[in-house]
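Undergrad: Next comes the structure file upload-v1.tsv, holding TSV, C-alpha atoms.
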```tsv
chain	number	residue	atom	x	y	z
A	1	MET	CA	32.36	152.69	140.65
A	2	ALA	CA	30.65	155.55	142.40
A	3	ALA	CA	33.32	158.13	141.76
A	4	GLU	CA	34.10	157.25	138.16
A	5	GLY	CA	34.91	160.40	136.25
A	6	LYS	CA	34.63	162.49	139.43
A	7	THR	CA	30.86	162.54	139.39
A	8	ILE	CA	28.29	161.39	141.88
A	9	ASP	CA	26.48	158.39	140.47
A	10	ALA	CA	23.92	157.54	143.13
A	11	LEU	CA	21.32	155.74	141.03
A	12	SER	CA	23.30	153.03	139.28
A	13	GLN	CA	23.01	150.90	142.41
A	14	PHE	CA	19.34	150.33	141.58
A	15	GLU	CA	20.01	149.00	138.08
A	16	LEU	CA	18.99	145.45	137.42
A	17	ALA	CA	21.42	142.95	135.93
A	18	THR	CA	20.90	139.31	135.21
A	19	VAL	CA	22.79	136.76	137.24
A	20	LEU	CA	23.67	133.09	136.78
A	21	GLY	CA	25.19	133.65	133.35
A	22	PRO	CA	23.36	132.57	130.15
A	23	ILE	CA	20.61	130.70	132.01
A	24	GLY	CA	19.75	133.77	134.08
A	25	SER	CA	19.79	136.14	131.11
A	26	SER	CA	17.56	133.90	129.02
A	27	VAL	CA	14.83	133.87	131.68
A	28	GLY	CA	15.50	137.39	132.97
A	29	PHE	CA	16.59	136.24	136.42
A	30	SER	CA	18.02	139.42	137.98
A	31	GLN	CA	19.92	140.02	141.20
A	32	SER	CA	16.65	141.35	142.60
A	33	ASN	CA	15.05	137.93	142.17
A	34	ALA	CA	18.12	136.29	143.64
A	35	HIS	CA	17.86	138.45	146.75
A	36	MET	CA	14.16	137.69	147.06
A	37	LEU	CA	14.95	133.98	147.00
A	38	LEU	CA	17.73	134.57	149.52
A	39	ALA	CA	15.34	136.45	151.82
A	40	ALA	CA	12.71	133.71	151.56
A	41	GLY	CA	15.37	131.08	152.25
A	42	LEU	CA	16.74	132.96	155.26
A	43	ILE	CA	13.27	133.42	156.75
A	44	THR	CA	12.48	129.73	156.28
A	45	ALA	CA	15.83	128.79	157.77
A	46	LEU	CA	15.32	131.11	160.74
A	47	ILE	CA	11.92	129.65	161.55
A	48	MET	CA	12.85	126.00	160.86
A	49	PHE	CA	16.22	125.89	162.58
A	50	GLY	CA	15.10	128.30	165.25
A	51	MET	CA	12.16	126.15	166.26
A	52	SER	CA	13.79	122.75	165.73
A	53	ALA	CA	15.19	122.74	169.28
A	54	ARG	CA	11.81	123.41	170.91
A	55	ALA	CA	13.61	124.22	174.14
A	56	VAL	CA	11.68	125.52	177.13
A	57	VAL	CA	14.47	128.01	177.67
A	58	PRO	CA	15.06	129.26	174.12
A	59	GLY	CA	18.48	129.69	172.61
A	60	ARG	CA	19.51	132.70	170.58
A	61	LEU	CA	18.00	131.61	167.28
A	62	GLN	CA	14.85	130.25	168.89
A	63	SER	CA	14.20	133.43	170.85
A	64	LEU	CA	14.69	135.45	167.66
A	65	ALA	CA	12.14	133.30	165.84
A	66	GLU	CA	9.74	133.38	168.79
A	67	SER	CA	9.96	137.11	169.36
A	68	SER	CA	9.37	137.91	165.68
A	69	TYR	CA	6.37	135.57	165.73
A	70	GLU	CA	4.96	137.14	168.89
A	71	PHE	CA	5.65	140.66	167.68
A	72	VAL	CA	3.56	140.22	164.54
A	73	HIS	CA	0.97	138.13	166.38
A	74	ASP	CA	0.36	140.90	168.94
A	75	LEU	CA	0.34	143.51	166.18
A	76	VAL	CA	-2.30	141.74	164.10
A	77	LEU	CA	-4.53	140.81	167.04
A	78	GLY	CA	-4.20	144.28	168.54
A	79	GLN	CA	-5.31	145.93	165.32
A	80	VAL	CA	-7.83	143.53	163.81
A	81	GLY	CA	-9.18	141.85	166.95
A	82	ASP	CA	-9.82	138.14	167.36
A	83	GLU	CA	-10.81	137.72	163.71
A	84	GLY	CA	-7.25	138.72	162.87
A	85	LYS	CA	-5.92	135.26	163.74
A	86	ARG	CA	-6.63	133.88	160.31
A	87	PHE	CA	-4.74	136.74	158.66
A	88	PHE	CA	-1.67	136.25	160.84
A	89	PRO	CA	0.24	133.99	158.39
A	90	PHE	CA	-0.28	136.54	155.63
A	91	VAL	CA	0.90	139.55	157.64
A	92	PHE	CA	3.80	137.58	159.14
A	93	THR	CA	5.03	136.55	155.68
A	94	LEU	CA	4.68	140.10	154.42
A	95	PHE	CA	6.48	141.61	157.42
A	96	MET	CA	9.39	139.16	157.34
A	97	PHE	CA	9.81	139.47	153.57
A	98	VAL	CA	9.91	143.27	153.66
A	99	LEU	CA	12.12	143.31	156.77
A	100	PHE	CA	14.65	140.88	155.28
A	101	GLY	CA	14.58	142.75	151.99
A	102	ASN	CA	15.35	146.04	153.74
A	103	LEU	CA	18.03	144.58	156.00
A	104	LEU	CA	19.74	142.50	153.28
A	105	GLY	CA	19.99	145.64	151.19
A	106	LEU	CA	22.20	147.25	153.83
A	107	LEU	CA	24.91	144.60	153.46
A	108	PRO	CA	27.81	145.47	151.17
A	109	TYR	CA	27.39	144.27	147.55
A	110	ALA	CA	23.75	143.38	148.26
A	111	PHE	CA	20.76	144.61	146.28
A	112	THR	CA	17.68	146.14	147.93
A	113	PHE	CA	14.69	144.66	146.16
A	114	THR	CA	12.31	146.85	148.18
A	115	SER	CA	13.83	149.90	146.46
A	116	HIS	CA	11.93	149.10	143.25
A	117	ILE	CA	8.37	150.35	143.03
A	118	ALA	CA	7.46	147.34	140.91
A	119	VAL	CA	8.19	145.10	143.89
A	120	THR	CA	6.56	147.24	146.57
A	121	PHE	CA	3.52	147.93	144.40
A	122	ALA	CA	3.12	144.21	143.71
A	123	LEU	CA	3.13	143.56	147.46
A	124	ALA	CA	0.67	146.41	148.06
A	125	ALA	CA	-1.56	145.16	145.23
A	126	VAL	CA	-1.73	141.74	146.89
A	127	VAL	CA	-2.80	143.47	150.13
A	128	PHE	CA	-5.36	145.56	148.25
A	129	VAL	CA	-6.92	142.56	146.48
A	130	LEU	CA	-7.01	140.65	149.77
A	131	ILE	CA	-8.76	143.40	151.75
A	132	THR	CA	-11.31	143.92	148.96
A	133	VAL	CA	-12.04	140.19	148.63
A	134	VAL	CA	-12.28	139.77	152.42
A	135	ALA	CA	-14.68	142.72	152.72
A	136	LEU	CA	-16.82	141.42	149.85
A	137	MET	CA	-16.91	137.91	151.29
A	138	LEU	CA	-17.80	139.02	154.81
A	139	HIS	CA	-20.23	141.81	153.98
A	140	GLY	CA	-21.42	141.14	150.46
A	141	ARG	CA	-23.22	144.08	148.99
A	142	LYS	CA	-22.99	146.08	152.22
A	143	PHE	CA	-19.32	146.63	151.35
A	144	PHE	CA	-20.35	149.28	148.83
A	145	GLY	CA	-21.93	151.27	151.66
A	146	TYR	CA	-18.34	151.91	152.65
A	147	PHE	CA	-18.13	154.50	149.88
A	148	PHE	CA	-21.11	156.47	151.13
A	149	PRO	CA	-21.31	157.08	154.89
A	150	GLU	CA	-24.75	156.78	156.43
A	151	GLY	CA	-26.48	160.01	157.32
A	152	ALA	CA	-24.80	162.11	154.64
A	153	PRO	CA	-27.24	164.16	152.55
A	154	ILE	CA	-28.08	162.32	149.34
A	155	TRP	CA	-27.33	165.27	147.07
A	156	LEU	CA	-23.71	165.06	148.15
A	157	ALA	CA	-23.42	161.54	146.74
A	158	PRO	CA	-21.94	162.61	143.35
A	159	ILE	CA	-19.07	164.23	145.27
A	160	ILE	CA	-18.57	161.84	148.16
A	161	ILE	CA	-18.65	158.56	146.22
A	162	PRO	CA	-15.90	159.40	143.67
A	163	VAL	CA	-13.77	160.94	146.42
A	164	GLU	CA	-14.14	157.85	148.61
A	165	ILE	CA	-13.37	155.57	145.69
A	166	VAL	CA	-10.23	157.54	144.82
A	167	SER	CA	-9.26	157.51	148.50
A	168	TYR	CA	-9.76	153.73	148.64
A	169	LEU	CA	-7.76	153.20	145.45
A	170	SER	CA	-4.94	155.38	146.78
A	171	ARG	CA	-4.24	152.89	149.60
A	172	PRO	CA	-1.98	150.53	147.64
A	173	VAL	CA	-0.28	153.51	145.99
A	174	SER	CA	0.60	155.22	149.27
A	175	LEU	CA	1.60	151.87	150.82
A	176	SER	CA	4.05	151.15	148.00
A	177	ILE	CA	5.36	154.70	147.57
A	178	ARG	CA	6.14	155.01	151.29
A	179	LEU	CA	8.31	151.89	151.40
A	180	PHE	CA	9.99	152.47	148.04
A	181	ALA	CA	10.73	156.16	148.67
A	182	ASN	CA	12.21	155.48	152.11
A	183	MET	CA	14.53	152.79	150.80
A	184	VAL	CA	15.62	154.79	147.74
A	185	ALA	CA	16.22	157.96	149.76
A	186	GLY	CA	18.32	156.12	152.32
A	187	HIS	CA	20.48	154.33	149.77
A	188	VAL	CA	20.97	157.46	147.67
A	189	MET	CA	22.15	159.37	150.76
A	190	LEU	CA	24.53	156.58	151.69
A	191	LYS	CA	25.96	156.55	148.18
A	192	VAL	CA	26.27	160.34	147.96
A	193	PHE	CA	28.18	160.60	151.22
A	194	ALA	CA	30.32	157.58	150.32
A	195	THR	CA	31.24	159.36	147.09
A	196	PHE	CA	32.13	162.49	149.08
A	197	ILE	CA	34.64	160.41	151.04
A	198	VAL	CA	36.39	159.34	147.84
A	199	LEU	CA	36.25	162.76	146.20
A	200	LEU	CA	37.46	164.65	149.27
A	201	GLY	CA	40.06	161.98	150.03
A	202	GLY	CA	41.81	162.74	146.76
A	203	LEU	CA	42.17	166.41	147.59
A	204	GLY	CA	45.89	166.34	148.29
A	205	ALA	CA	47.47	166.70	151.72
A	206	ILE	CA	44.37	167.84	153.64
A	207	GLY	CA	42.12	165.36	151.81
A	208	PRO	CA	42.15	162.50	154.31
A	209	PHE	CA	41.34	164.88	157.18
A	210	VAL	CA	38.36	166.48	155.43
A	211	ALA	CA	37.13	163.07	154.26
A	212	VAL	CA	36.60	162.07	157.88
A	213	LEU	CA	33.50	164.29	158.01
A	214	PRO	CA	31.40	162.45	155.39
A	215	LEU	CA	32.70	159.18	156.85
A	216	GLY	CA	31.19	160.15	160.19
A	217	VAL	CA	27.93	161.09	158.49
A	218	ASN	CA	27.87	157.72	156.74
A	219	ILE	CA	28.41	155.81	159.97
A	220	ALA	CA	25.46	157.63	161.52
A	221	LEU	CA	23.41	157.04	158.36
A	222	VAL	CA	24.00	153.29	158.43
A	223	GLY	CA	22.65	153.16	161.96
A	224	PHE	CA	19.70	155.27	160.92
A	225	GLU	CA	19.07	153.02	157.93
A	226	VAL	CA	18.88	149.93	160.15
A	227	LEU	CA	16.16	151.75	162.11
A	228	VAL	CA	14.35	152.79	158.93
A	229	ALA	CA	14.56	149.25	157.54
A	230	PHE	CA	12.79	147.89	160.61
A	231	LEU	CA	10.38	150.82	160.87
A	232	GLN	CA	9.23	150.58	157.27
A	233	ALA	CA	8.59	146.84	157.54
A	234	TYR	CA	6.63	147.57	160.71
A	235	VAL	CA	4.64	150.35	159.04
A	236	PHE	CA	3.87	148.08	156.08
A	237	ALA	CA	2.61	145.36	158.40
A	238	ILE	CA	0.58	147.66	160.63
A	239	LEU	CA	-1.08	149.44	157.71
A	240	THR	CA	-1.99	146.04	156.28
A	241	SER	CA	-3.57	145.20	159.65
A	242	ILE	CA	-5.42	148.52	159.75
A	243	TYR	CA	-6.82	147.88	156.27
A	244	LEU	CA	-7.76	144.36	157.31
A	245	HIS	CA	-9.54	145.82	160.34
A	246	ASP	CA	-11.50	148.11	158.03
A	247	ALA	CA	-12.31	145.16	155.78
A	248	VAL	CA	-13.48	142.94	158.66
A	249	HIS	CA	-15.45	145.60	160.53
A	250	LEU	CA	-16.27	148.13	157.77
A	251	HIS	CA	-15.15	151.40	159.43
B	252	MET	CA	11.88	159.01	163.49
B	253	ASP	CA	11.58	157.42	166.88
B	254	PRO	CA	11.96	153.73	167.64
B	255	ALA	CA	8.34	153.49	168.73
B	256	PRO	CA	7.70	149.92	167.47
B	257	GLY	CA	8.21	148.44	170.92
B	258	SER	CA	4.55	148.92	171.66
B	259	THR	CA	1.92	147.44	169.38
B	260	GLY	CA	-0.34	150.46	169.66
B	261	SER	CA	-0.85	152.45	166.51
B	262	LEU	CA	1.48	153.84	163.89
B	263	PRO	CA	4.82	155.08	165.15
B	264	GLY	CA	4.61	158.77	165.85
B	265	GLY	CA	7.81	159.74	164.09
B	266	GLY	CA	9.38	163.15	164.26
B	267	THR	CA	8.16	166.23	162.47
B	268	TRP	CA	9.81	164.94	159.31
B	269	GLY	CA	8.09	161.58	159.60
B	270	VAL	CA	4.66	163.16	159.98
B	271	GLY	CA	5.26	165.53	157.08
B	272	PHE	CA	6.52	162.75	154.87
B	273	ARG	CA	3.51	160.56	155.62
B	274	ALA	CA	1.06	163.37	154.90
B	275	GLY	CA	2.89	164.16	151.67
B	276	VAL	CA	2.77	160.55	150.54
B	277	GLU	CA	-0.96	160.41	151.22
B	278	VAL	CA	-1.66	163.55	149.17
B	279	VAL	CA	0.60	162.52	146.30
B	280	SER	CA	-0.83	159.01	146.05
B	281	ALA	CA	-4.43	160.28	146.05
B	282	LEU	CA	-3.52	162.78	143.32
B	283	VAL	CA	-1.78	160.09	141.29
B	284	VAL	CA	-4.83	157.82	141.50
B	285	GLY	CA	-7.24	160.66	140.68
B	286	VAL	CA	-5.23	161.78	137.66
B	287	ALA	CA	-4.78	158.20	136.44
B	288	VAL	CA	-8.49	157.39	136.77
B	289	GLY	CA	-9.48	160.60	135.00
B	290	TRP	CA	-6.96	160.08	132.20
B	291	PHE	CA	-8.05	156.51	131.53
B	292	LEU	CA	-11.75	157.42	131.62
B	293	ASP	CA	-11.05	160.24	129.17
B	294	ARG	CA	-9.15	157.95	126.82
B	295	TRP	CA	-11.98	155.44	126.99
B	296	LEU	CA	-14.86	157.89	126.53
B	297	GLY	CA	-13.04	160.42	124.34
B	298	THR	CA	-13.93	163.37	126.56
B	299	TRP	CA	-10.43	164.80	127.05
B	300	PRO	CA	-9.79	166.87	129.12
B	301	TRP	CA	-12.99	167.19	131.17
B	302	LEU	CA	-12.96	164.00	133.25
B	303	PHE	CA	-9.23	164.44	133.78
B	304	LEU	CA	-9.87	167.87	135.31
B	305	LEU	CA	-12.82	166.60	137.35
B	306	PHE	CA	-10.85	163.67	138.76
B	307	PHE	CA	-7.88	165.92	139.46
B	308	VAL	CA	-10.20	167.79	141.84
B	309	PHE	CA	-11.52	164.50	143.27
B	310	GLY	CA	-7.92	163.39	143.79
B	311	SER	CA	-7.05	166.58	145.67
B	312	VAL	CA	-10.12	166.23	147.89
B	313	ALA	CA	-9.29	162.58	148.53
B	314	GLY	CA	-5.73	163.59	149.45
B	315	VAL	CA	-7.01	166.06	152.02
B	316	LEU	CA	-9.41	163.38	153.29
B	317	ASN	CA	-6.51	160.91	153.61
B	318	VAL	CA	-4.49	163.41	155.65
B	319	TYR	CA	-7.53	164.09	157.84
B	320	ARG	CA	-7.95	160.35	158.45
B	321	LEU	CA	-4.23	160.06	159.20
B	322	PHE	CA	-4.55	162.38	162.18
B	323	LYS	CA	-8.05	161.41	163.29
B	324	PRO	CA	-7.87	159.14	166.33
B	325	ARG	CA	-9.12	155.75	165.22
B	326	SER	CA	-10.72	152.93	167.18
B	327	VAL	CA	-8.13	150.18	167.59
B	328	GLY	CA	-8.96	146.49	167.94
B	329	LYS	CA	-12.69	145.89	168.27
```
Output the structure of this file as structure tokens.

TA:
Amino acid sequence: MAAEGKTIDALSQFELATVLGPIGSSVGFSQSNAHMLLAAGLITALIMFGMSARAVVPGRLQSLAESSYEFVHDLVLGQVGDEGKRFFPFVFTLFMFVLFGNLLGLLPYAFTFTSHIAVTFALAAVVFVLITVVALMLHGRKFFGYFFPEGAPIWLAPIIIPVEIVSYLSRPVSLSIRLFANMVAGHVMLKVFATFIVLLGGLGAIGPFVAVLPLGVNIALVGFEVLVAFLQAYVFAILTSIYLHDAVHLH
Amino acid sequence: MDPAPGSTGSLPGGGTWGVGFRAGVEVVSALVVGVAVGWFLDRWLGTWPWLFLLFFVFGSVAGVLNVYRLFKPRSVGK
């Protein structure tokens, strides 16, 4: 599919198509939605089956569930402080959903739903609404002091306030662009080098020997992509915690 | 990018590329927001292109501010 007509077609992997036949196409149920459901199901299964044993000495699945729980728990409490406990379920859900989305996308024939800015921006918008509502609920009108630091000369207000507002509004944008751009870049690179293998492989007698080079690059890239998948989920979760810290403490 | 996420300190340091990419994303997103806000205000108030230009400048300043905050050591936890 990639090398059809001897061209590099790196972007068709992000195209949406409906699944489940006529039912799916009538409600617009795409493979992206299917993978989201799969990710949610896998996370639920990991936590439920992992913790069903409740062993003192955890098995493989239980230790995976426990370590992911503790990882996010430490992250949220380390960033937000003790008030962060009540935001833990939110950040944990977000982290696991993004992580499973990134990792599922690396499997052959799978679709990466985090490679669509509509998805990542929706997640970031939820975070943005949450931090704004939390800050307004905890601090009331004092929240608006966030846009004008104390001690700044008052004649600078017409410059500082719009700049701070734009900076505040850019949070969900940078959060979503970072995740989406990382996933797209990684998958485009994988596809480009995979196409090189096919194109160089058909180069006659020396083809298979030259094609080994992009194959080696692709093997390294897959390993790198596993790292990026985890790192981007981590960055998403920690930035959410940092924003929550700002919302709880104002600065 | 380095596998820093073992510790739960701050953001992973990343290599030179990681730092550059993060700074770039901050600038671009602030510019996008500034331009969008200016464009919509202009369409609403019919003052094209003045608010667009003004908010383009605000967006650039906010981008620089974002990058400054990215590298400013921040108080973690408490």

Undergrad: Report, in Å with one decimal, the straight-line distance from atom CA of B:Val276 to atom CA of A:Phe144.

TA: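 Those two atoms sit 25.8 Å apart.
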
Undergrad: Residues of chain A within 7 Å of chain B, using all atoms listed in the file, as a PyMOL selection string?

TA: chain A and resi 74-75+78-81+162-164+166-167+169-170+173-174+178+235

Undergrad: What gap, in Å, lies between atom CA of A:Ala40 and atom CA of A:Leu239?

TA: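 So the two atoms, atom CA of A:Ala40 and atom CA of A:Leu239, lie 21.8 Å apart.
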
Undergrad: Could you work out how far atom CA of A:Pro153 lies from atom CA of A:His139, giving the answer in Å with one decimal?

TA: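 Calculated distance between atom CA of A:His139 and atom CA of A:Pro153 is 23.5 Å.
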
Undergrad: Go through A:Ile43, A:Ala157, A:Val184, A:Leu175 and flag the residue nearest A:Ala125, using only C-alpha atoms for the distances.

TA: A:Leu175

Undergrad: Which of these, A:Ser241, A:Ser115, A:Gln232, A:Ser63, has the shortest distance to A:Glu15 once you count all atoms listed in the file?

TA: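 Comparing A:Ser241, A:Ser115, A:Gln232, A:Ser63 against A:Glu15, the winner is A:Ser115.
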
Undergrad: Might you pull out every residue within 12 Å of A:Phe143, with only C-alpha atoms counted and same-chain residues fewer than 6 positions away left off, and present them as an NGL selection string?

TA: :A and (131-137 or 149 or 246-251)

Undergrad: A:Phe49: which residues within 8 Å, counting only C-alpha atoms, same-chain residues fewer than 4 positions away excluded, as a list in words?

TA: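 Counting only C-alpha atoms, the residues come to Ala45, Ala53, Leu61 and Gln62 of chain A.
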
Undergrad: So which residues touch A:Val192 within 9 Å, counting only C-alpha atoms, skipping near sequence neighbours fewer than 5 positions away, as a ChimeraX atom specification?

TA: /A:2,8-10,187,197
